[in-house]
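Colleague: So that you have it, the file is start27.pdb, and it contains PDB, C-alpha atoms and all ligand atoms:
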ATOM      1  CA  MET A   1     138.606 141.135 120.223  1.00  0.00           C
ATOM      2  CA  LYS A   2     138.509 138.174 122.590  1.00  0.00           C
ATOM      3  CA  ILE A   3     135.660 137.260 124.900  1.00  0.00           C
ATOM      4  CA  ARG A   4     135.807 134.928 127.898  1.00  0.00           C
ATOM      5  CA  LEU A   5     133.254 132.107 127.736  1.00  0.00           C
ATOM      6  CA  ALA A   6     132.117 129.689 130.437  1.00  0.00           C
ATOM      7  CA  SER A   7     131.204 126.825 128.114  1.00  0.00           C
ATOM      8  CA  LYS A   8     130.511 125.928 124.499  1.00  0.00           C
ATOM      9  CA  ILE A   9     127.592 127.443 122.600  1.00  0.00           C
ATOM     10  CA  THR A  10     124.205 125.798 123.078  1.00  0.00           C
ATOM     11  CA  TYR A  11     122.505 125.439 119.699  1.00  0.00           C
ATOM     12  CA  ASP A  12     118.894 124.514 120.414  1.00  0.00           C
ATOM     13  CA  SER A  13     117.574 126.093 123.602  1.00  0.00           C
ATOM     14  CA  ILE A  14     113.828 126.592 124.080  1.00  0.00           C
ATOM     15  CA  VAL A  15     114.127 127.853 127.684  1.00  0.00           C
ATOM     16  CA  ASP A  16     116.371 130.919 127.232  1.00  0.00           C
ATOM     17  CA  GLY A  17     113.987 133.143 125.288  1.00  0.00           C
ATOM     18  CA  LEU A  18     111.370 132.923 122.569  1.00  0.00           C
ATOM     19  CA  GLY A  19     111.789 130.301 119.864  1.00  0.00           C
ATOM     20  CA  ILE A  20     114.758 128.013 119.282  1.00  0.00           C
ATOM     21  CA  ARG A  21     117.844 129.971 120.244  1.00  0.00           C
ATOM     22  CA  MET A  22     121.596 129.714 120.302  1.00  0.00           C
ATOM     23  CA  VAL A  23     122.995 130.541 123.744  1.00  0.00           C
ATOM     24  CA  ILE A  24     126.411 132.097 124.379  1.00  0.00           C
ATOM     25  CA  TRP A  25     127.574 131.513 127.966  1.00  0.00           C
ATOM     26  CA  MET A  26     129.855 134.320 129.145  1.00  0.00           C
ATOM     27  CA  GLN A  27     132.262 133.825 132.022  1.00  0.00           C
ATOM     28  CA  GLY A  28     132.319 135.996 135.156  1.00  0.00           C
ATOM     29  CA  CYS A  29     129.733 137.154 137.656  1.00  0.00           C
ATOM     30  CA  ILE A  30     129.982 139.268 140.806  1.00  0.00           C
ATOM     31  CA  HIS A  31     126.423 138.891 142.130  1.00  0.00           C
ATOM     32  CA  ASN A  32     126.743 135.663 144.143  1.00  0.00           C
ATOM     33  CA  CYS A  33     123.008 134.953 144.178  1.00  0.00           C
ATOM     34  CA  TYR A  34     122.104 132.347 146.793  1.00  0.00           C
ATOM     35  CA  LEU A  35     121.649 128.923 145.093  1.00  0.00           C
ATOM     36  CA  CYS A  36     122.855 130.160 141.698  1.00  0.00           C
ATOM     37  CA  HIS A  37     122.625 127.305 139.175  1.00  0.00           C
ATOM     38  CA  ASN A  38     125.933 128.181 137.467  1.00  0.00           C
ATOM     39  CA  PRO A  39     128.539 128.898 140.183  1.00  0.00           C
ATOM     40  CA  PHE A  40     131.350 127.689 137.904  1.00  0.00           C
ATOM     41  CA  THR A  41     130.733 130.791 135.764  1.00  0.00           C
ATOM     42  CA  HIS A  42     131.574 133.282 138.553  1.00  0.00           C
ATOM     43  CA  ASP A  43     135.382 133.386 138.388  1.00  0.00           C
ATOM     44  CA  LEU A  44     136.263 136.427 136.264  1.00  0.00           C
ATOM     45  CA  ASP A  45     139.440 134.647 135.120  1.00  0.00           C
ATOM     46  CA  GLY A  46     137.834 131.248 134.580  1.00  0.00           C
ATOM     47  CA  GLY A  47     136.498 129.625 131.437  1.00  0.00           C
ATOM     48  CA  PHE A  48     138.329 130.105 128.151  1.00  0.00           C
ATOM     49  CA  GLU A  49     138.885 132.818 125.578  1.00  0.00           C
ATOM     50  CA  GLU A  50     137.262 132.885 122.147  1.00  0.00           C
ATOM     51  CA  ASP A  51     137.509 135.318 119.279  1.00  0.00           C
ATOM     52  CA  ILE A  52     134.305 137.331 118.872  1.00  0.00           C
ATOM     53  CA  ASP A  53     134.473 137.074 115.071  1.00  0.00           C
ATOM     54  CA  ASN A  54     134.482 133.266 115.336  1.00  0.00           C
ATOM     55  CA  ILE A  55     131.311 133.405 117.431  1.00  0.00           C
ATOM     56  CA  VAL A  56     129.603 135.741 114.965  1.00  0.00           C
ATOM     57  CA  ASP A  57     130.587 133.456 112.070  1.00  0.00           C
ATOM     58  CA  GLU A  58     129.147 130.490 113.934  1.00  0.00           C
ATOM     59  CA  VAL A  59     125.894 132.333 114.635  1.00  0.00           C
ATOM     60  CA  ASN A  60     125.587 133.310 110.968  1.00  0.00           C
ATOM     61  CA  LYS A  61     125.798 129.644 109.953  1.00  0.00           C
ATOM     62  CA  TYR A  62     122.603 129.079 111.930  1.00  0.00           C
ATOM     63  CA  SER A  63     120.764 132.302 111.133  1.00  0.00           C
ATOM     64  CA  PHE A  64     117.546 130.345 110.551  1.00  0.00           C
ATOM     65  CA  LYS A  65     117.272 130.110 114.345  1.00  0.00           C
ATOM     66  CA  SER A  66     115.062 132.546 116.236  1.00  0.00           C
ATOM     67  CA  GLY A  67     118.025 134.434 117.632  1.00  0.00           C
ATOM     68  CA  VAL A  68     120.852 134.479 120.130  1.00  0.00           C
ATOM     69  CA  THR A  69     120.700 134.631 123.905  1.00  0.00           C
ATOM     70  CA  ILE A  70     123.742 135.855 125.822  1.00  0.00           C
ATOM     71  CA  SER A  71     123.808 134.507 129.362  1.00  0.00           C
ATOM     72  CA  GLY A  72     126.371 133.410 131.915  1.00  0.00           C
ATOM     73  CA  GLY A  73     127.673 134.391 134.340  1.00  0.00           C
ATOM     74  CA  ASP A  74     126.750 138.018 133.928  1.00  0.00           C
ATOM     75  CA  PRO A  75     127.586 139.286 130.437  1.00  0.00           C
ATOM     76  CA  PHE A  76     127.861 142.840 131.820  1.00  0.00           C
ATOM     77  CA  CYS A  77     131.011 141.759 133.686  1.00  0.00           C
ATOM     78  CA  GLN A  78     132.799 141.943 130.287  1.00  0.00           C
ATOM     79  CA  LYS A  79     131.306 145.160 128.987  1.00  0.00           C
ATOM     80  CA  GLU A  80     133.757 145.927 126.173  1.00  0.00           C
ATOM     81  CA  ALA A  81     133.461 142.414 124.784  1.00  0.00           C
ATOM     82  CA  LEU A  82     129.675 142.434 125.217  1.00  0.00           C
ATOM     83  CA  LEU A  83     129.445 145.710 123.302  1.00  0.00           C
ATOM     84  CA  GLU A  84     131.534 144.303 120.448  1.00  0.00           C
ATOM     85  CA  LEU A  85     129.592 141.031 120.331  1.00  0.00           C
ATOM     86  CA  THR A  86     126.142 142.654 120.423  1.00  0.00           C
ATOM     87  CA  ARG A  87     127.173 145.281 117.867  1.00  0.00           C
ATOM     88  CA  LYS A  88     128.334 142.637 115.390  1.00  0.00           C
ATOM     89  CA  LEU A  89     125.290 140.434 115.945  1.00  0.00           C
ATOM     90  CA  LYS A  90     122.981 143.406 115.491  1.00  0.00           C
ATOM     91  CA  GLU A  91     124.766 144.371 112.263  1.00  0.00           C
ATOM     92  CA  ASN A  92     123.895 140.878 111.051  1.00  0.00           C
ATOM     93  CA  GLY A  93     120.224 141.330 111.931  1.00  0.00           C
ATOM     94  CA  ILE A  94     120.257 138.801 114.782  1.00  0.00           C
ATOM     95  CA  ASN A  95     117.573 138.992 117.484  1.00  0.00           C
ATOM     96  CA  ILE A  96     119.440 139.368 120.824  1.00  0.00           C
ATOM     97  CA  TRP A  97     118.350 138.533 124.372  1.00  0.00           C
ATOM     98  CA  VAL A  98     120.727 139.189 127.291  1.00  0.00           C
ATOM     99  CA  TYR A  99     120.446 137.905 130.877  1.00  0.00           C
ATOM    100  CA  THR A 100     122.026 140.006 133.639  1.00  0.00           C
ATOM    101  CA  GLY A 101     122.079 140.120 137.436  1.00  0.00           C
ATOM    102  CA  TYR A 102     121.973 143.927 137.288  1.00  0.00           C
ATOM    103  CA  THR A 103     118.649 145.701 137.110  1.00  0.00           C
ATOM    104  CA  PHE A 104     117.848 147.787 134.049  1.00  0.00           C
ATOM    105  CA  ASP A 105     118.005 150.862 136.298  1.00  0.00           C
ATOM    106  CA  GLN A 106     121.557 150.009 137.399  1.00  0.00           C
ATOM    107  CA  LEU A 107     122.825 149.973 133.815  1.00  0.00           C
ATOM    108  CA  THR A 108     123.373 153.685 133.455  1.00  0.00           C
ATOM    109  CA  SER A 109     126.920 154.226 132.179  1.00  0.00           C
ATOM    110  CA  LEU A 110     127.568 155.339 128.602  1.00  0.00           C
ATOM    111  CA  LEU A 111     128.942 151.882 127.857  1.00  0.00           C
ATOM    112  CA  ASP A 112     125.861 150.204 129.353  1.00  0.00           C
ATOM    113  CA  LYS A 113     123.603 152.373 127.193  1.00  0.00           C
ATOM    114  CA  GLN A 114     125.580 151.575 124.061  1.00  0.00           C
ATOM    115  CA  ILE A 115     125.210 147.865 124.826  1.00  0.00           C
ATOM    116  CA  LEU A 116     121.494 148.215 125.563  1.00  0.00           C
ATOM    117  CA  SER A 117     120.934 149.944 122.231  1.00  0.00           C
ATOM    118  CA  ASN A 118     122.036 146.710 120.510  1.00  0.00           C
ATOM    119  CA  ILE A 119     119.744 144.430 122.560  1.00  0.00           C
ATOM    120  CA  ASP A 120     116.150 143.400 121.838  1.00  0.00           C
ATOM    121  CA  VAL A 121     115.299 141.896 125.226  1.00  0.00           C
ATOM    122  CA  LEU A 122     116.973 142.174 128.643  1.00  0.00           C
ATOM    123  CA  VAL A 123     116.078 139.750 131.442  1.00  0.00           C
ATOM    124  CA  ASP A 124     117.236 141.724 134.459  1.00  0.00           C
ATOM    125  CA  GLY A 125     117.930 141.400 138.160  1.00  0.00           C
ATOM    126  CA  PRO A 126     119.526 138.853 140.474  1.00  0.00           C
ATOM    127  CA  PHE A 127     118.109 135.389 141.081  1.00  0.00           C
ATOM    128  CA  ILE A 128     116.296 135.450 144.452  1.00  0.00           C
ATOM    129  CA  ASN A 129     115.591 131.952 145.674  1.00  0.00           C
ATOM    130  CA  ASP A 130     112.668 133.030 147.904  1.00  0.00           C
ATOM    131  CA  LEU A 131     110.981 134.392 144.782  1.00  0.00           C
ATOM    132  CA  LYS A 132     111.636 131.289 142.687  1.00  0.00           C
ATOM    133  CA  ARG A 133     108.449 130.024 141.037  1.00  0.00           C
ATOM    134  CA  ASP A 134     108.346 126.950 138.806  1.00  0.00           C
ATOM    135  CA  TYR A 135     105.701 128.416 136.501  1.00  0.00           C
ATOM    136  CA  LEU A 136     107.845 131.384 135.464  1.00  0.00           C
ATOM    137  CA  ARG A 137     108.800 131.416 131.791  1.00  0.00           C
ATOM    138  CA  PHE A 138     112.344 132.391 130.748  1.00  0.00           C
ATOM    139  CA  LYS A 139     113.340 133.574 134.240  1.00  0.00           C
ATOM    140  CA  GLY A 140     114.145 132.064 137.616  1.00  0.00           C
ATOM    141  CA  SER A 141     112.529 134.377 140.172  1.00  0.00           C
ATOM    142  CA  SER A 142     109.577 136.744 140.068  1.00  0.00           C
ATOM    143  CA  ASN A 143     111.649 139.904 140.670  1.00  0.00           C
ATOM    144  CA  GLN A 144     113.284 139.453 137.268  1.00  0.00           C
ATOM    145  CA  ARG A 145     111.738 141.257 134.313  1.00  0.00           C
ATOM    146  CA  ILE A 146     111.666 140.454 130.608  1.00  0.00           C
ATOM    147  CA  ILE A 147     112.193 143.911 129.181  1.00  0.00           C
ATOM    148  CA  ASP A 148     111.510 145.165 125.668  1.00  0.00           C
ATOM    149  CA  VAL A 149     114.679 147.252 125.426  1.00  0.00           C
ATOM    150  CA  PRO A 150     114.024 149.346 122.279  1.00  0.00           C
ATOM    151  CA  LYS A 151     110.585 150.400 123.562  1.00  0.00           C
ATOM    152  CA  SER A 152     111.915 151.073 127.060  1.00  0.00           C
ATOM    153  CA  LEU A 153     114.691 153.285 125.729  1.00  0.00           C
ATOM    154  CA  GLU A 154     112.280 155.121 123.444  1.00  0.00           C
ATOM    155  CA  LYS A 155     109.671 155.760 126.168  1.00  0.00           C
ATOM    156  CA  ASN A 156     112.253 156.246 128.939  1.00  0.00           C
ATOM    157  CA  GLN A 157     110.390 153.789 131.158  1.00  0.00           C
ATOM    158  CA  ILE A 158     110.579 150.044 131.633  1.00  0.00           C
ATOM    159  CA  ILE A 159     108.238 148.171 129.298  1.00  0.00           C
ATOM    160  CA  GLU A 160     108.054 144.429 129.863  1.00  0.00           C
ATOM    161  CA  LEU A 161     107.310 141.902 127.135  1.00  0.00           C
ATOM    162  CA  ASN A 162     103.807 140.503 127.411  1.00  0.00           C
ATOM    163  CA  ILE A 163     104.649 136.771 127.376  1.00  0.00           C
TER     164      ILE A 163
HETATM  165  S1  LIG A 201     123.492 136.758 138.310  1.00  0.00           S
HETATM  166 FE1  LIG A 201     123.117 134.704 137.474  1.00  0.00          FE
HETATM  167  S2  LIG A 201     125.164 133.747 137.280  1.00  0.00           S
HETATM  168 FE2  LIG A 201     125.359 135.531 138.633  1.00  0.00          FE
HETATM  169  S3  LIG A 201     125.148 134.678 140.704  1.00  0.00           S
HETATM  170 FE3  LIG A 201     123.114 135.429 140.058  1.00  0.00          FE
HETATM  171  S4  LIG A 201     122.120 133.630 139.168  1.00  0.00           S
HETATM  172 FE4  LIG A 201     124.328 133.164 139.272  1.00  0.00          FE
END
Starting from the coordinates I provided, produce the structure as structure tokens.

Modeller:
Amino acid sequence: MKIRLASKITYDSIVDGLGIRMVIWMQGCIHNCYLCHNPFTHDLDGGFEEDIDNIVDEVNKYSFKSGVTISGGDPFCQKEALLELTRKLKENGINIWVYTGYTFDQLTSLLDKQILSNIDVLVDGPFINDLKRDYLRFKGSSNQRIIDVPKSLEKNQIIELNI
């Protein structure tokens, strides 16, 4: 299956989750947050296509890294591809963070839940410039939450990571 990417993989990010992470930048976003840092990622038909298996192979070459972060854009704008990518990464034991402009509560479809079951951490919600704070770690505005997805699904309530 193909996935639409906004740019090449980042190999050594320390600002997109815990540790040193590879970042996959997915194309497409419908949220239009005021002062978004990545407006070039919004066009649903922009960017370029890549084979998901090639991405997984590339990640496996660097499996000594702390994990993979999937950002964008909003990865949930390509749900089928996101499900396939997260499923294959999870099968390979990769720690997965995903950034989305949707809130956890808005991700309620069967497909959303299948995707969430593959994810370790979800950073949720739109970027709100009035709530931007420079001291925030791994997120842009204070409304966004860094959610422990397995625990949240198990307890049926949102449990944030204590970082
Ligand atoms: S969700 Fe992210 S990529 Fe989309 S508009 Fe908001 S800040 Fe930009």

Colleague: Calculated over all atoms listed in the file, which of the candidates A:Thr41, A:Gln106, A:Leu116, A:Gly101 has the smallest distance to A:Asn143?

Modeller: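 Among A:Thr41, A:Gln106, A:Leu116, A:Gly101, it is A:Gly101 that comes nearest to A:Asn143.
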
Colleague: Select, from A:Ile96, A:Ile163, A:Met26, A:Leu85, the residue with the minimum atom-to-atom distance to ligand LIG 201 (chain A), counting only C-alpha atoms and all ligand atoms.

Modeller: A:Met26

Colleague: Take the PyMOL selection byres (((not hetatm)) within 9 of (chain A and resi 201)), apply it to the structure above, and return the hits as an mmCIF file with C-alpha atoms, in the coordinates of the input.

Modeller:
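Saved file expr_19.cif follows:
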data_model
loop_
_atom_site.group_PDB
_atom_site.id
_atom_site.type_symbol
_atom_site.label_atom_id
_atom_site.label_comp_id
_atom_site.auth_asym_id
_atom_site.auth_seq_id
_atom_site.Cartn_x
_atom_site.Cartn_y
_atom_site.Cartn_z
ATOM 1 C CA GLN A 27 132.262 133.825 132.022
ATOM 2 C CA GLY A 28 132.319 135.996 135.156
ATOM 3 C CA CYS A 29 129.733 137.154 137.656
ATOM 4 C CA ILE A 30 129.982 139.268 140.806
ATOM 5 C CA HIS A 31 126.423 138.891 142.130
ATOM 6 C CA ASN A 32 126.743 135.663 144.143
ATOM 7 C CA CYS A 33 123.008 134.953 144.178
ATOM 8 C CA TYR A 34 122.104 132.347 146.793
ATOM 9 C CA LEU A 35 121.649 128.923 145.093
ATOM 10 C CA CYS A 36 122.855 130.160 141.698
ATOM 11 C CA HIS A 37 122.625 127.305 139.175
ATOM 12 C CA ASN A 38 125.933 128.181 137.467
ATOM 13 C CA PRO A 39 128.539 128.898 140.183
ATOM 14 C CA PHE A 40 131.350 127.689 137.904
ATOM 15 C CA THR A 41 130.733 130.791 135.764
ATOM 16 C CA HIS A 42 131.574 133.282 138.553
ATOM 17 C CA SER A 71 123.808 134.507 129.362
ATOM 18 C CA GLY A 72 126.371 133.410 131.915
ATOM 19 C CA GLY A 73 127.673 134.391 134.340
ATOM 20 C CA ASP A 74 126.750 138.018 133.928
ATOM 21 C CA TYR A 99 120.446 137.905 130.877
ATOM 22 C CA THR A 100 122.026 140.006 133.639
ATOM 23 C CA GLY A 101 122.079 140.120 137.436
ATOM 24 C CA TYR A 102 121.973 143.927 137.288
ATOM 25 C CA ASP A 124 117.236 141.724 134.459
ATOM 26 C CA GLY A 125 117.930 141.400 138.160
ATOM 27 C CA PRO A 126 119.526 138.853 140.474
ATOM 28 C CA PHE A 127 118.109 135.389 141.081
ATOM 29 C CA ILE A 128 116.296 135.450 144.452
ATOM 30 C CA GLY A 140 114.145 132.064 137.616
#

Colleague: So the first atom is atom CA of A:Asn60 and the second is atom CA of A:Glu160; what is the distance between them in Å, to one decimal place?

Modeller: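 We find that atom CA of A:Asn60 and atom CA of A:Glu160 lie 28.1 Å from each other.
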
Colleague: For stretch 62-81 of chain A, take all atoms listed in the file, fit an axis-aligned box around them, add 3 Å to each of the six sides, then output centre and edge lengths in Å rounded to one decimal, as AutoDock Vina command-line options.

Modeller:
--center_x 124.4 --center_y 137.5 --center_z 122.4 --size_x 24.7 --size_y 22.8 --size_z 29.8

Colleague: Just how far from atom CA of A:Leu131 is atom CA of A:Leu5, in Å to one decimal?

Modeller: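 Atom-to-atom, atom CA of A:Leu5 to atom CA of A:Leu131, that is 28.1 Å.
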
Colleague: Could you please determine the separation between atom CA of A:Ser152 and atom CA of A:Arg87 in Å, to one decimal place?

Modeller: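 Straight-line distance from atom CA of A:Ser152 to atom CA of A:Arg87 works out to 18.7 Å.
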
Colleague: Contacts of A:Asn92 at 10 Å or less, counting only C-alpha atoms, minus same-chain residues fewer than 2 places along, as a list of chain:residue names?

Modeller: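 So the residues in contact are A:Val56, A:Val59, A:Asn60, A:Ser63, A:Thr86, A:Arg87, A:Lys88, A:Leu89, A:Lys90, A:Ile94, A:Asn95.
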
Colleague: Please list as an NGL selection string every residue within 12 Å of A:Ser109, counting all atoms listed in the file and excluding residues in the same chain fewer than 6 positions away.

Modeller: :A and (76 or 79 or 115-116)

Colleague: If you apply the PyMOL selection byres (((chain A and resi 70) around 7) and not hetatm) to this file, what residues do you get, as number ranges by chain?

Modeller: A: 23-25, 68-69, 71, 75, 97-99

Colleague: So, counting all atoms listed in the file, which residue among A:Gly67, A:Asp130, A:Leu111, A:Phe48 is closest to A:Ser7?

Modeller: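 The shortest atom-to-atom distance to A:Ser7 comes from A:Phe48.
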
Colleague: Translate the PyMOL selection byres (((chain A and resi 14) around 12) and not hetatm) into a concrete residue list for this structure, as a CSV table (one decimal) with C-alpha atoms, in the frame of the given file.

Modeller:
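File written: result34.csv
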chain,number,residue,atom,x,y,z
A,10,THR,CA,124.2,125.8,123.1
A,11,TYR,CA,122.5,125.4,119.7
A,12,ASP,CA,118.9,124.5,120.4
A,13,SER,CA,117.6,126.1,123.6
A,15,VAL,CA,114.1,127.9,127.7
A,16,ASP,CA,116.4,130.9,127.2
A,17,GLY,CA,114.0,133.1,125.3
A,18,LEU,CA,111.4,132.9,122.6
A,19,GLY,CA,111.8,130.3,119.9
A,20,ILE,CA,114.8,128.0,119.3
A,21,ARG,CA,117.8,130.0,120.2
A,22,MET,CA,121.6,129.7,120.3
A,23,VAL,CA,123.0,130.5,123.7
A,65,LYS,CA,117.3,130.1,114.3
A,66,SER,CA,115.1,132.5,116.2
A,67,GLY,CA,118.0,134.4,117.6
A,68,VAL,CA,120.9,134.5,120.1
A,69,THR,CA,120.7,134.6,123.9
A,137,ARG,CA,108.8,131.4,131.8
A,138,PHE,CA,112.3,132.4,130.7
